[in-house]
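Novice: Next up, start16.cif (mmCIF, C-alpha atoms).
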```
data_upload
#
loop_
_atom_site.label_atom_id
_atom_site.label_comp_id
_atom_site.auth_asym_id
_atom_site.auth_seq_id
_atom_site.Cartn_x
_atom_site.Cartn_y
_atom_site.Cartn_z
CA MET A 1 60.87 -2.82 23.18
CA LYS A 2 57.80 -4.76 22.14
CA PRO A 3 54.67 -2.65 22.72
CA SER A 4 52.00 -4.02 25.04
CA LEU A 5 48.81 -3.00 26.83
CA PRO A 6 48.26 -2.89 30.60
CA LYS A 7 46.45 -5.95 31.88
CA GLY A 8 42.68 -5.76 31.59
CA THR A 9 42.60 -2.98 28.96
CA ARG A 10 41.87 -3.04 25.23
CA ASP A 11 42.42 -1.12 22.01
CA PHE A 12 39.46 -0.66 19.67
CA THR A 13 39.71 -0.59 15.90
CA PRO A 14 37.61 1.92 13.90
CA GLN A 15 34.94 -0.74 13.30
CA GLN A 16 34.86 -1.70 16.99
CA THR A 17 34.73 1.96 18.05
CA LEU A 18 31.79 2.63 15.74
CA ARG A 19 29.99 -0.35 17.25
CA ARG A 20 30.63 0.95 20.74
CA GLN A 21 29.35 4.37 19.73
CA TYR A 22 26.21 2.67 18.42
CA ILE A 23 25.64 1.21 21.90
CA PHE A 24 26.33 4.52 23.66
CA GLN A 25 24.09 6.49 21.28
CA THR A 26 21.24 3.97 21.63
CA ILE A 27 21.45 4.21 25.44
CA GLN A 28 21.83 7.99 25.44
CA LYS A 29 18.77 8.44 23.20
CA VAL A 30 16.58 6.60 25.74
CA PHE A 31 18.10 8.50 28.69
CA VAL A 32 17.27 11.83 27.05
CA LYS A 33 13.74 10.63 26.21
CA TYR A 34 13.10 10.10 29.92
CA GLY A 35 14.29 13.59 30.85
CA PHE A 36 17.80 12.88 32.13
CA GLN A 37 20.63 15.43 31.77
CA PRO A 38 24.32 14.74 31.07
CA ILE A 39 27.20 15.43 33.49
CA GLU A 40 30.87 14.45 33.61
CA THR A 41 33.22 13.95 36.57
CA PRO A 42 37.04 13.58 36.71
CA ALA A 43 38.74 10.22 36.17
CA MET A 44 40.48 10.73 39.53
CA GLU A 45 38.80 11.32 42.87
CA SER A 46 40.25 11.84 46.32
CA LEU A 47 40.76 8.46 47.98
CA SER A 48 38.79 9.80 50.93
CA THR A 49 35.81 10.14 48.55
CA LEU A 50 36.11 6.57 47.28
CA THR A 51 37.17 4.44 50.24
CA GLY A 52 34.58 2.90 52.51
CA LYS A 53 31.77 3.17 49.93
CA TYR A 54 32.04 -0.20 48.19
CA GLY A 55 32.62 -2.63 51.02
CA GLU A 56 35.83 -4.37 52.01
CA GLU A 57 36.32 -6.11 48.67
CA GLY A 58 35.61 -2.96 46.69
CA ASP A 59 38.21 -0.99 48.62
CA GLN A 60 40.80 -3.58 47.70
CA LEU A 61 40.02 -3.15 44.00
CA LEU A 62 40.58 0.63 43.93
CA PHE A 63 43.44 1.84 41.73
CA LYS A 64 45.54 4.25 43.78
CA VAL A 65 47.51 7.09 42.15
CA LEU A 66 50.91 7.92 43.65
CA ASN A 67 51.42 11.48 44.88
CA ASN A 68 53.31 13.79 42.51
CA GLY A 69 57.07 14.19 42.70
CA ASP A 70 59.14 12.43 45.37
CA PHE A 71 56.22 10.53 46.90
CA LEU A 72 58.51 8.66 49.31
CA SER A 73 59.72 11.85 50.98
CA LYS A 74 56.54 12.06 53.04
CA ALA A 75 55.96 8.32 53.32
CA ASN A 76 55.12 6.75 56.67
CA ALA A 77 58.60 5.53 57.57
CA GLN A 78 57.36 2.98 60.10
CA ALA A 79 54.87 1.46 57.61
CA LEU A 80 57.54 1.47 54.91
CA GLU A 81 60.01 -0.30 57.18
CA ALA A 82 57.38 -2.87 58.16
CA ARG A 83 56.29 -3.28 54.52
CA ASP A 84 52.73 -2.58 55.67
CA SER A 85 51.10 -1.45 52.42
CA ALA A 86 47.70 -0.78 54.04
CA ALA A 87 49.27 1.67 56.50
CA LEU A 88 51.63 3.11 53.89
CA VAL A 89 49.11 4.00 51.19
CA SER A 90 47.57 7.03 52.95
CA SER A 91 50.98 8.74 53.08
CA ILE A 92 51.97 8.15 49.44
CA SER A 93 48.61 8.34 47.64
CA LYS A 94 45.81 10.87 48.03
CA ARG A 95 43.93 10.09 44.80
CA GLY A 96 42.46 7.09 43.03
CA LEU A 97 40.78 6.24 39.74
CA ARG A 98 37.01 6.15 40.10
CA TYR A 99 35.58 2.69 40.80
CA ASP A 100 32.11 3.55 39.56
CA LEU A 101 30.09 6.62 38.58
CA THR A 102 27.64 6.60 41.50
CA VAL A 103 29.89 7.72 44.36
CA PRO A 104 31.42 10.53 42.25
CA PHE A 105 27.86 11.52 41.35
CA ALA A 106 26.93 11.74 45.04
CA ARG A 107 29.97 13.94 45.61
CA PHE A 108 28.95 16.06 42.60
CA VAL A 109 25.41 16.54 43.96
CA VAL A 110 26.68 17.72 47.35
CA MET A 111 29.17 20.15 45.83
CA ASN A 112 26.67 21.55 43.28
CA GLN A 113 23.45 21.33 45.30
CA ASN A 114 22.72 25.07 45.06
CA ASP A 115 22.78 24.96 41.26
CA LEU A 116 20.62 21.85 40.76
CA THR A 117 16.86 21.45 40.47
CA PHE A 118 15.54 18.51 42.48
CA PRO A 119 14.59 15.81 41.77
CA PHE A 120 17.80 15.91 39.72
CA LYS A 121 17.94 13.39 36.87
CA ARG A 122 21.38 12.79 35.40
CA TYR A 123 23.07 10.42 33.00
CA GLN A 124 26.78 9.81 32.65
CA ILE A 125 28.75 7.72 30.13
CA GLN A 126 32.40 7.50 31.16
CA PRO A 127 35.13 4.91 31.92
CA VAL A 128 35.82 3.44 35.38
CA TRP A 129 38.66 1.31 36.70
CA ARG A 130 38.79 -1.73 38.97
CA ALA A 131 41.84 -3.82 39.88
CA ASP A 132 39.89 -7.01 39.28
CA ARG A 133 41.20 -10.24 37.75
CA PRO A 134 40.56 -9.93 33.99
CA GLN A 135 38.34 -12.62 32.46
CA LYS A 136 35.59 -12.89 29.86
CA GLY A 137 33.32 -9.89 30.21
CA ARG A 138 35.41 -8.40 33.03
CA TYR A 139 38.08 -5.76 32.42
CA GLN A 140 40.14 -3.40 34.56
CA GLU A 141 39.13 -0.41 32.44
CA PHE A 142 35.57 -0.28 31.18
CA TYR A 143 32.74 2.11 30.43
CA GLN A 144 29.62 2.50 32.52
CA CYS A 145 26.45 4.12 31.26
CA ASP A 146 24.67 5.37 34.37
CA VAL A 147 21.32 7.01 34.89
CA ASP A 148 20.29 8.28 38.34
CA VAL A 149 17.72 10.50 39.99
CA VAL A 150 18.24 12.05 43.43
CA GLY A 151 15.95 14.08 45.66
CA SER A 152 12.85 11.90 45.67
CA ASP A 153 11.61 8.77 47.45
CA SER A 154 9.03 8.10 44.73
CA LEU A 155 8.96 4.53 43.45
CA LEU A 156 7.90 5.97 40.10
CA PHE A 157 11.59 6.15 39.30
CA GLU A 158 12.15 2.44 39.97
CA ALA A 159 9.40 1.77 37.43
CA GLU A 160 10.94 4.22 34.94
CA LEU A 161 14.39 2.66 35.26
CA THR A 162 12.88 -0.75 34.49
CA GLN A 163 11.29 0.79 31.39
CA ILE A 164 14.64 2.30 30.39
CA TYR A 165 16.28 -1.12 30.56
CA ASP A 166 13.45 -2.58 28.50
CA GLU A 167 13.59 0.13 25.82
CA VAL A 168 17.38 0.07 25.43
CA PHE A 169 17.66 -3.69 25.05
CA THR A 170 14.66 -3.75 22.72
CA ALA A 171 16.42 -1.17 20.54
CA LEU A 172 19.59 -3.29 20.62
CA GLN A 173 17.49 -6.37 19.70
CA LEU A 174 18.92 -8.24 22.69
CA PRO A 175 16.33 -10.14 24.80
CA VAL A 176 17.05 -9.82 28.52
CA VAL A 177 15.62 -10.61 31.94
CA VAL A 178 15.34 -7.66 34.33
CA LYS A 179 15.51 -8.98 37.91
CA LEU A 180 14.31 -6.98 40.90
CA ASN A 181 14.68 -7.40 44.64
CA ASN A 182 14.84 -5.09 47.65
CA ARG A 183 17.60 -4.74 50.21
CA LYS A 184 14.93 -4.37 52.90
CA ILE A 185 13.79 -7.90 52.00
CA LEU A 186 17.37 -9.08 52.52
CA ALA A 187 17.48 -7.20 55.84
CA GLY A 188 14.22 -8.97 56.76
CA MET A 189 15.87 -12.27 55.84
CA ALA A 190 18.73 -11.51 58.23
CA GLU A 191 16.28 -10.55 60.99
CA ALA A 192 14.21 -13.71 60.42
CA ALA A 193 17.41 -15.74 60.71
CA GLY A 194 18.33 -13.93 63.94
CA ILE A 195 21.46 -12.33 62.46
CA GLY A 196 20.28 -8.76 61.86
CA ASP A 197 23.68 -7.48 62.98
CA ARG A 198 25.42 -9.66 60.36
CA PHE A 199 23.42 -8.30 57.41
CA VAL A 200 26.39 -7.11 55.33
CA GLU A 201 28.24 -10.41 55.75
CA MET A 202 25.11 -12.31 54.73
CA THR A 203 24.57 -10.23 51.56
CA MET A 204 28.22 -10.59 50.56
CA ALA A 205 27.80 -14.37 50.69
CA ILE A 206 24.45 -14.37 48.86
CA ASP A 207 25.90 -12.12 46.15
CA LYS A 208 28.18 -15.03 45.18
CA LEU A 209 25.26 -17.45 44.72
CA ASP A 210 25.55 -17.56 40.91
CA LYS A 211 29.23 -18.47 41.15
CA ILE A 212 29.34 -20.89 44.08
CA GLY A 213 25.77 -22.25 44.37
CA VAL A 214 23.64 -22.76 47.50
CA GLU A 215 26.13 -25.13 49.13
CA GLY A 216 28.92 -22.65 48.51
CA VAL A 217 26.87 -19.87 50.11
CA LYS A 218 26.21 -22.07 53.14
CA LYS A 219 29.94 -22.74 53.50
CA GLU A 220 30.66 -19.03 53.12
CA LEU A 221 28.14 -18.18 55.84
CA SER A 222 29.59 -20.84 58.10
CA SER A 223 33.10 -19.51 57.56
CA ARG A 224 31.83 -16.11 58.70
CA GLY A 225 30.61 -17.62 61.97
CA ILE A 226 26.89 -17.78 61.12
CA ASP A 227 25.37 -20.85 62.80
CA GLU A 228 23.57 -23.74 61.08
CA GLN A 229 20.09 -22.77 62.29
CA ALA A 230 20.39 -19.28 60.79
CA THR A 231 21.84 -20.72 57.59
CA GLU A 232 18.89 -23.09 57.21
CA LYS A 233 16.45 -20.19 57.61
CA ILE A 234 18.33 -18.20 54.97
CA GLU A 235 18.26 -21.20 52.62
CA GLN A 236 14.47 -21.47 53.05
CA VAL A 237 13.93 -17.83 52.12
CA LEU A 238 16.31 -18.09 49.14
CA ALA A 239 14.12 -20.88 47.77
CA VAL A 240 11.07 -18.56 47.52
CA LYS A 241 10.06 -17.78 43.92
CA GLU A 242 7.01 -15.54 44.38
CA LEU A 243 6.90 -12.20 46.18
CA SER A 244 3.53 -13.13 47.74
CA GLU A 245 5.13 -16.09 49.57
CA LEU A 246 7.56 -13.93 51.54
CA SER A 247 5.20 -12.36 54.09
CA ALA A 248 5.00 -15.55 56.15
CA PHE A 249 8.76 -15.43 56.76
CA PHE A 250 8.71 -11.77 57.80
CA ALA A 251 5.92 -11.77 60.39
CA ASP A 252 8.27 -10.14 62.93
CA SER A 253 10.25 -7.98 60.52
CA GLU A 254 8.84 -4.55 59.76
CA THR A 255 11.80 -3.89 57.47
CA GLY A 256 11.13 -7.03 55.46
CA GLN A 257 7.44 -6.18 55.11
CA LYS A 258 8.37 -2.68 53.94
CA GLY A 259 10.58 -4.17 51.25
CA ILE A 260 7.72 -6.38 50.03
CA GLU A 261 5.37 -3.40 49.83
CA GLU A 262 7.88 -1.31 47.88
CA LEU A 263 8.35 -4.05 45.30
CA LYS A 264 4.59 -4.59 45.03
CA THR A 265 4.22 -0.87 44.26
CA VAL A 266 6.81 -1.05 41.49
CA PHE A 267 5.23 -4.13 39.94
CA ASP A 268 1.80 -2.49 40.18
CA LEU A 269 3.02 0.64 38.36
CA LEU A 270 4.51 -1.51 35.62
CA SER A 271 1.33 -3.56 35.21
CA ASP A 272 0.00 -0.81 32.94
CA VAL A 273 3.16 -0.82 30.78
CA GLN A 274 3.79 -3.07 27.77
CA LEU A 275 7.29 -4.46 28.27
CA ASN A 276 9.14 -6.41 25.58
CA ASN A 277 11.51 -8.16 27.98
CA GLN A 278 10.97 -10.35 31.02
CA MET A 279 10.75 -8.72 34.44
CA GLN A 280 10.90 -10.96 37.50
CA PHE A 281 11.29 -10.91 41.25
CA ASP A 282 14.44 -12.68 42.46
CA VAL A 283 14.92 -13.01 46.22
CA THR A 284 18.51 -14.22 45.70
CA LEU A 285 19.54 -10.92 44.10
CA ALA A 286 21.78 -9.12 46.60
CA ARG A 287 24.09 -6.64 44.80
CA GLY A 288 27.30 -6.50 46.82
CA LEU A 289 27.65 -2.74 47.14
CA ASN A 290 26.89 -1.55 50.66
CA TYR A 291 25.21 1.73 49.73
CA TYR A 292 22.02 0.13 48.37
CA THR A 293 19.07 0.43 50.77
CA GLY A 294 15.92 -0.27 48.72
CA CYS A 295 14.97 -1.76 45.36
CA ILE A 296 17.85 -3.36 43.47
CA PHE A 297 18.13 -4.35 39.81
CA GLU A 298 20.14 -6.78 37.74
CA VAL A 299 19.93 -7.52 34.01
CA LYS A 300 21.06 -10.70 32.29
CA VAL A 301 20.80 -12.02 28.75
CA ASP A 302 17.66 -14.12 28.34
CA THR A 303 19.10 -17.63 28.12
CA ALA A 304 15.79 -18.93 26.75
CA ALA A 305 16.44 -16.84 23.65
CA HIS A 306 20.21 -17.31 23.60
CA PRO A 307 21.15 -20.49 25.55
CA ASP A 308 24.76 -20.47 24.33
CA ILE A 309 25.61 -17.07 25.80
CA VAL A 310 27.65 -17.37 29.00
CA MET A 311 27.85 -13.90 30.50
CA GLY A 312 27.31 -12.32 33.91
CA SER A 313 25.07 -9.36 34.51
CA ILE A 314 25.00 -6.67 31.81
CA GLY A 315 23.29 -4.08 33.98
CA GLY A 316 22.45 -3.37 37.59
CA GLY A 317 21.68 -0.75 40.19
CA GLY A 318 19.36 0.22 42.99
CA ARG A 319 18.01 2.69 45.55
CA TYR A 320 20.41 4.39 47.96
CA ASP A 321 18.93 6.49 50.76
CA ASP A 322 22.10 7.60 52.52
CA LEU A 323 24.85 7.99 49.92
CA THR A 324 25.12 11.79 49.97
CA GLY A 325 24.98 11.70 53.78
CA VAL A 326 28.64 10.68 53.97
CA PHE A 327 29.47 13.97 52.25
CA GLY A 328 27.39 16.03 54.68
CA MET A 329 24.08 16.17 52.82
CA LYS A 330 21.38 14.30 54.74
CA ASP A 331 17.98 13.04 53.60
CA MET A 332 18.79 12.90 49.88
CA SER A 333 17.46 9.63 48.53
CA GLY A 334 18.47 8.45 45.09
CA VAL A 335 18.05 5.55 42.71
CA GLY A 336 19.93 4.61 39.57
CA VAL A 337 21.02 1.87 37.23
CA SER A 338 24.04 1.20 35.06
CA PHE A 339 24.57 -0.51 31.72
CA GLY A 340 27.69 -2.70 31.41
CA ALA A 341 28.81 -1.42 28.01
CA GLU A 342 31.77 -3.80 27.65
CA ARG A 343 29.69 -6.91 28.25
CA ILE A 344 26.88 -5.62 26.04
CA TYR A 345 29.45 -5.03 23.31
CA ASP A 346 30.82 -8.56 23.63
CA VAL A 347 27.35 -10.14 23.60
CA LEU A 348 26.18 -8.17 20.54
CA GLU A 349 29.36 -9.15 18.74
CA GLU A 350 29.01 -12.83 19.65
CA LEU A 351 25.40 -12.82 18.43
CA ASN A 352 26.19 -10.71 15.34
CA LEU A 353 23.46 -8.21 16.27
CA TYR A 354 25.14 -5.04 15.01
CA PRO A 355 23.30 -3.44 12.08
CA GLU A 356 25.34 -3.58 8.88
CA THR A 357 25.20 0.21 8.56
CA VAL A 358 26.98 0.77 11.89
CA ALA A 359 30.47 0.35 10.39
CA GLN A 360 29.66 2.37 7.27
CA ASN A 361 30.51 5.84 8.53
CA LEU A 362 32.05 6.68 5.13
CA LYS A 363 29.42 6.81 2.37
CA VAL A 364 31.44 7.18 -0.83
CA VAL A 365 35.01 7.25 -2.17
CA ILE A 366 35.88 9.14 -5.37
CA LEU A 367 38.33 7.38 -7.70
CA THR A 368 40.17 9.16 -10.53
CA PHE A 369 42.53 8.30 -13.42
CA ASP A 370 44.92 11.25 -13.82
CA LYS A 371 45.85 14.70 -12.49
CA VAL A 372 43.10 16.45 -14.43
CA THR A 373 40.29 14.17 -13.25
CA PHE A 374 41.80 14.21 -9.74
CA ARG A 375 41.48 18.02 -9.68
CA TYR A 376 37.87 17.72 -10.88
CA GLY A 377 37.22 15.02 -8.26
CA PHE A 378 38.35 17.43 -5.53
CA LYS A 379 35.59 19.86 -6.58
CA ILE A 380 33.03 17.03 -6.51
CA LEU A 381 34.28 16.11 -3.03
CA GLN A 382 33.46 19.59 -1.72
CA GLN A 383 29.92 19.40 -3.13
CA LEU A 384 29.31 16.05 -1.43
CA ARG A 385 30.63 17.21 1.93
CA THR A 386 28.68 20.48 1.73
CA ALA A 387 25.56 18.33 1.35
CA GLY A 388 26.49 16.49 4.57
CA ILE A 389 27.66 13.29 2.86
CA ALA A 390 30.72 11.56 4.36
CA ALA A 391 33.05 11.31 1.38
CA GLU A 392 36.71 10.86 0.48
CA LEU A 393 38.84 11.36 -2.61
CA TYR A 394 41.57 8.75 -3.04
CA PRO A 395 44.73 10.83 -2.48
CA GLU A 396 46.38 10.11 -5.84
CA PRO A 397 45.24 8.98 -9.31
CA THR A 398 47.09 5.68 -9.16
CA LYS A 399 46.11 2.24 -10.55
CA MET A 400 42.36 1.67 -10.33
CA LYS A 401 42.91 -1.76 -8.73
CA LYS A 402 44.74 -0.13 -5.81
CA GLN A 403 42.02 2.49 -5.38
CA MET A 404 39.27 -0.15 -5.43
CA LYS A 405 41.18 -2.18 -2.85
CA TYR A 406 41.12 0.84 -0.54
CA ALA A 407 37.38 1.35 -1.08
CA ASN A 408 36.73 -2.32 -0.29
CA GLY A 409 38.94 -2.11 2.81
CA ARG A 410 36.90 0.83 4.08
CA ASP A 411 33.71 -1.19 3.49
CA VAL A 412 32.33 1.82 1.67
CA PRO A 413 28.86 1.33 0.11
CA TYR A 414 29.50 3.51 -2.97
CA THR A 415 32.29 4.71 -5.24
CA ILE A 416 32.29 7.45 -7.85
CA VAL A 417 34.63 6.82 -10.77
CA ILE A 418 35.69 9.91 -12.75
CA GLY A 419 37.44 9.63 -16.10
CA SER A 420 37.82 12.24 -18.85
CA GLN A 421 34.47 11.28 -20.37
CA GLU A 422 32.64 11.67 -17.04
CA MET A 423 34.32 15.00 -16.40
CA GLU A 424 33.30 16.40 -19.81
CA SER A 425 29.71 15.14 -19.68
CA GLY A 426 29.09 15.76 -15.98
CA GLU A 427 27.54 12.29 -15.80
CA LEU A 428 29.57 10.48 -13.13
CA SER A 429 29.78 6.71 -12.62
CA LEU A 430 28.17 5.82 -9.29
CA LYS A 431 28.85 2.19 -8.31
CA HIS A 432 27.03 0.29 -5.57
CA MET A 433 29.85 -1.83 -4.16
CA LYS A 434 27.79 -4.69 -2.75
CA SER A 435 25.60 -5.35 -5.84
CA GLY A 436 28.13 -4.19 -8.42
CA GLU A 437 25.45 -2.09 -10.14
CA GLN A 438 26.73 1.06 -11.83
CA GLU A 439 24.86 4.04 -13.27
CA LYS A 440 25.65 7.43 -14.77
CA LEU A 441 24.26 10.38 -12.77
CA ASN A 442 25.00 14.09 -12.43
CA ILE A 443 26.24 15.37 -9.08
CA GLU A 444 22.81 16.67 -8.04
CA SER A 445 21.24 13.24 -8.54
CA ILE A 446 24.12 11.58 -6.69
CA VAL A 447 23.60 13.92 -3.72
CA ASP A 448 19.90 13.04 -3.68
CA ARG A 449 20.71 9.35 -3.86
CA LEU A 450 23.28 9.38 -1.04
CA SER A 451 21.56 11.84 1.31
#
```
Using structure tokens, write down the structure that the file contains.

Specialist:
Amino acid sequence: MKPSLPKGTRDFTPQQTLRRQYIFQTIQKVFVKYGFQPIETPAMESLSTLTGKYGEEGDQLLFKVLNNGDFLSKANAQALEARDSAALVSSISKRGLRYDLTVPFARFVVMNQNDLTFPFKRYQIQPVWRADRPQKGRYQEFYQCDVDVVGSDSLLFEAELTQIYDEVFTALQLPVVVKLNNRKILAGMAEAAGIGDRFVEMTMAIDKLDKIGVEGVKKELSSRGIDEQATEKIEQVLAVKELSELSAFFADSETGQKGIEELKTVFDLLSDVQLNNQMQFDVTLARGLNYYTGCIFEVKVDTAAHPDIVMGSIGGGGRYDDLTGVFGMKDMSGVGVSFGAERIYDVLEELNLYPETVAQNLKVVILTFDKVTFRYGFKILQQLRTAGIAAELYPEPTKMKKQMKYANGRDVPYTIVIGSQEMESGELSLKHMKSGEQEKLNIESIVDRLS
């Protein structure tokens, strides 16, 4: 049988894995700097934990896990007979792969609330799964790098999360635009249009703006039964570019005014901060997940710096006031953002932004000519590793051409060649592979050079 991968998943070579670790370590370093602590949650959650948290479309993209053993023995016979998969699933599947890290985090907070210090600041770097149609930058298995704080309404954290985005992408040398909006502003838009009770349907349509354009959004709203007058009002608000211009539209919406004030506070806090990337208000930003209630974020590659990059958002998040409430813990506000590691990886690769040293996890390979020098090389290997230098000894004293081919294939920066003369004198031949320069040094000097 010819081996294959499940749709929407990928293998990663050693070089690719090292590049991914570079991204994760860069992100993690900034998370820790801002006082966040690591947690981990299981790959599987109860379906009751996951369903109903991501909206109708999100529920459809959940991977369900069949019950153990003879899962059909307790299946809903009527649903099975009618081939009604929606009715059948609850009787044959109790678990699902996590769709994101935020809902499992909310569940974690509720279950561990007595052991946590609030505000609780956590980061989490783990894979998630979505039964989405695979395409460029979109996979069915992918890593998220999340950072959240729960137990405080302070808008300080919205400002900090913006700084975290700025610092990470500055470290990765990838110029981005950090977009901000507020779900209360979107709620005010719905109220101004006279469709306050259709808020979720409106945001689901607006969330597709990048893909289908204004006319597509209008058609989507119309298909959901929203009349032309309301649609025109929504279109007017979506055309606003400056936060200061919104107040006129929200004269009768306390919620909308509250959203404006919250964003003004965030922008005011950040006015004292030197950011390296663009930060801008974007009234069209909706974020499709239903649990967001306040400020929302989205990050995209700065097309002014890289006009040829075609990629969706590479980060996003927002404030959620009621997420833990569904698990029985009321009045626990939280805010968080996520980094789309897979898309960031693809963009850095396309732009060739990985430092050359990222793939060079092995520092030196020792090459020998015969059994005697091989035995001596093994002693040298221990000295190098004791000094904390990543080193290898080629496993047999075969033809030098074959050994050099291995060293080149590992993209190793240095080799040490040991012949009988080097062994007797203790002066070993250290070769810099890229320049071809070679010099004779004792092992102490080599350790100093490579450390």

Novice: Applying the PyMOL selection byres ((chain A and resi 314-319) around 6) to the file I just gave you, which residues come out? Please list them as a PyMOL selection string.

Specialist: chain A and resi 292-300+313+320+334-340+343

Novice: For the PyMOL selection byres ((chain A and resi 259-276) around 6), applied here, can you spell out every residue it catches as a list in words?

Specialist: Ala159, Asn182, Lys184, Ile185, Gly256, Gln257, Lys258 and Asn277 of chain A

Novice: May I have the residues from that selection written out with C-alpha atoms, as a tab-separated table (two decimals), in the frame of the given file?

Specialist:
```tsv
chain	number	residue	atom	x	y	z
A	159	ALA	CA	9.40	1.77	37.43
A	182	ASN	CA	14.84	-5.09	47.65
A	184	LYS	CA	14.93	-4.37	52.90
A	185	ILE	CA	13.79	-7.90	52.00
A	256	GLY	CA	11.13	-7.03	55.46
A	257	GLN	CA	7.44	-6.18	55.11
A	258	LYS	CA	8.37	-2.68	53.94
A	277	ASN	CA	11.51	-8.16	27.98
```

Novice: So that I can check the surroundings of Ala75 (chain A), please list as an MDAnalysis selection string every protein, DNA and RNA residue that reaches within 12 Å of it, counting all atoms listed in the file and ignoring chain neighbours fewer than 4 positions away.

Specialist: chainID A and resid 66:67 70:71 79:81 83:85 87:94

Novice: Generate the output file for the selected residues, C-alpha atoms, as a CSV table (one decimal), keeping the file's coordinate frame.

Specialist:
```
chain,number,residue,atom,x,y,z
A,66,LEU,CA,50.9,7.9,43.6
A,67,ASN,CA,51.4,11.5,44.9
A,70,ASP,CA,59.1,12.4,45.4
A,71,PHE,CA,56.2,10.5,46.9
A,79,ALA,CA,54.9,1.5,57.6
A,80,LEU,CA,57.5,1.5,54.9
A,81,GLU,CA,60.0,-0.3,57.2
A,83,ARG,CA,56.3,-3.3,54.5
A,84,ASP,CA,52.7,-2.6,55.7
A,85,SER,CA,51.1,-1.4,52.4
A,87,ALA,CA,49.3,1.7,56.5
A,88,LEU,CA,51.6,3.1,53.9
A,89,VAL,CA,49.1,4.0,51.2
A,90,SER,CA,47.6,7.0,53.0
A,91,SER,CA,51.0,8.7,53.1
A,92,ILE,CA,52.0,8.2,49.4
A,93,SER,CA,48.6,8.3,47.6
A,94,LYS,CA,45.8,10.9,48.0
```

Novice: I'd like the residues picked by the PyMOL selection byres ((chain A and resi 224) around 12) written out as a list in words, using the chain letters and numbers from the file.

Specialist: Ile195, Arg198, Phe199, Val200, Glu201, Met202, Thr203, Met204, Ala205, Val217, Lys218, Lys219, Glu220, Leu221, Ser222, Ser223, Gly225, Ile226, Asp227, Glu228 and Thr231 of chain A

Novice: Between CA of Val358 (chain A) and CA of Tyr345 (chain A), what is the distance in Å, rounded to a tenth?

Specialist: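 Computing the Euclidean distance for CA of Val358 (chain A) and CA of Tyr345 (chain A) yields 13.0 Å.
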
Novice: Grab the CA of His432 (chain A) to CA of Pro413 (chain A) distance for me, in Å with one decimal place.

Specialist: 6.1 Å

Novice: With all atoms listed in the file as the counted atoms, please give the residues lying no more than 10 Å from Thr51 (chain A), apart from itself and same-chain residues fewer than 3 positions off, as a list of chain:residue names.

Specialist: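 Near neighbours after the sequence-gap exclusion: A:Ser46, A:Leu47, A:Ser48, A:Tyr54, A:Gly55, A:Glu56, A:Gly58, A:Asp59, A:Gln60, A:Leu62, A:Gly96, A:Tyr99, A:Val103.
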
Novice: My list of candidates is A:Thr9, A:Ser4, A:Asn112, A:Gln28. Which is closest to Gln124 (chain A) when distances are computed with all atoms listed in the file?

Specialist: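 That would be A:Gln28, the residue with the smallest distance to Gln124 (chain A).
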
Novice: Here is a test: counting only C-alpha atoms, which residue of A:Gly312, A:Gly194, A:Ala251, A:Val301 is nearest to Lys211 (chain A)?

Specialist: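 Between A:Gly312, A:Gly194, A:Ala251, A:Val301, the residue approaching Lys211 (chain A) most closely is A:Gly312.
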
Novice: Give the answer as one residue: which of A:Gly409, A:Gly426, A:Pro3, A:Pro119 has the shortest atom-to-atom distance to Ser333 (chain A), using all atoms listed in the file?

Specialist: A:Pro119

Novice: Starting from the incomplete input, reconstruct N, CA, C and O atoms of region 281-286 of chain A and report them as a compact mmCIF listing (two decimals), in the coordinates of the input.

Specialist:
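Below is the file that was written, selection-v6.txt:
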```
# COMPACT_ATOMS: atom_id res chain seq x y z
N PHE A 281 10.80 -11.02 39.88
CA PHE A 281 11.29 -10.91 41.25
C PHE A 281 12.30 -12.02 41.49
O PHE A 281 12.11 -13.17 41.07
N ASP A 282 13.42 -11.68 42.15
CA ASP A 282 14.44 -12.68 42.46
C ASP A 282 14.98 -12.41 43.86
O ASP A 282 15.76 -11.49 44.08
N VAL A 283 14.54 -13.22 44.82
CA VAL A 283 14.92 -13.01 46.22
C VAL A 283 16.41 -13.24 46.45
O VAL A 283 16.98 -12.75 47.43
N THR A 284 17.08 -13.94 45.53
CA THR A 284 18.51 -14.22 45.70
C THR A 284 19.39 -13.06 45.24
O THR A 284 20.60 -13.06 45.45
N LEU A 285 18.78 -12.07 44.58
CA LEU A 285 19.54 -10.92 44.10
C LEU A 285 19.97 -10.06 45.29
O LEU A 285 19.12 -9.60 46.05
N ALA A 286 21.28 -9.84 45.43
CA ALA A 286 21.78 -9.12 46.60
C ALA A 286 22.50 -7.81 46.26
O ALA A 286 22.38 -6.83 46.97
```
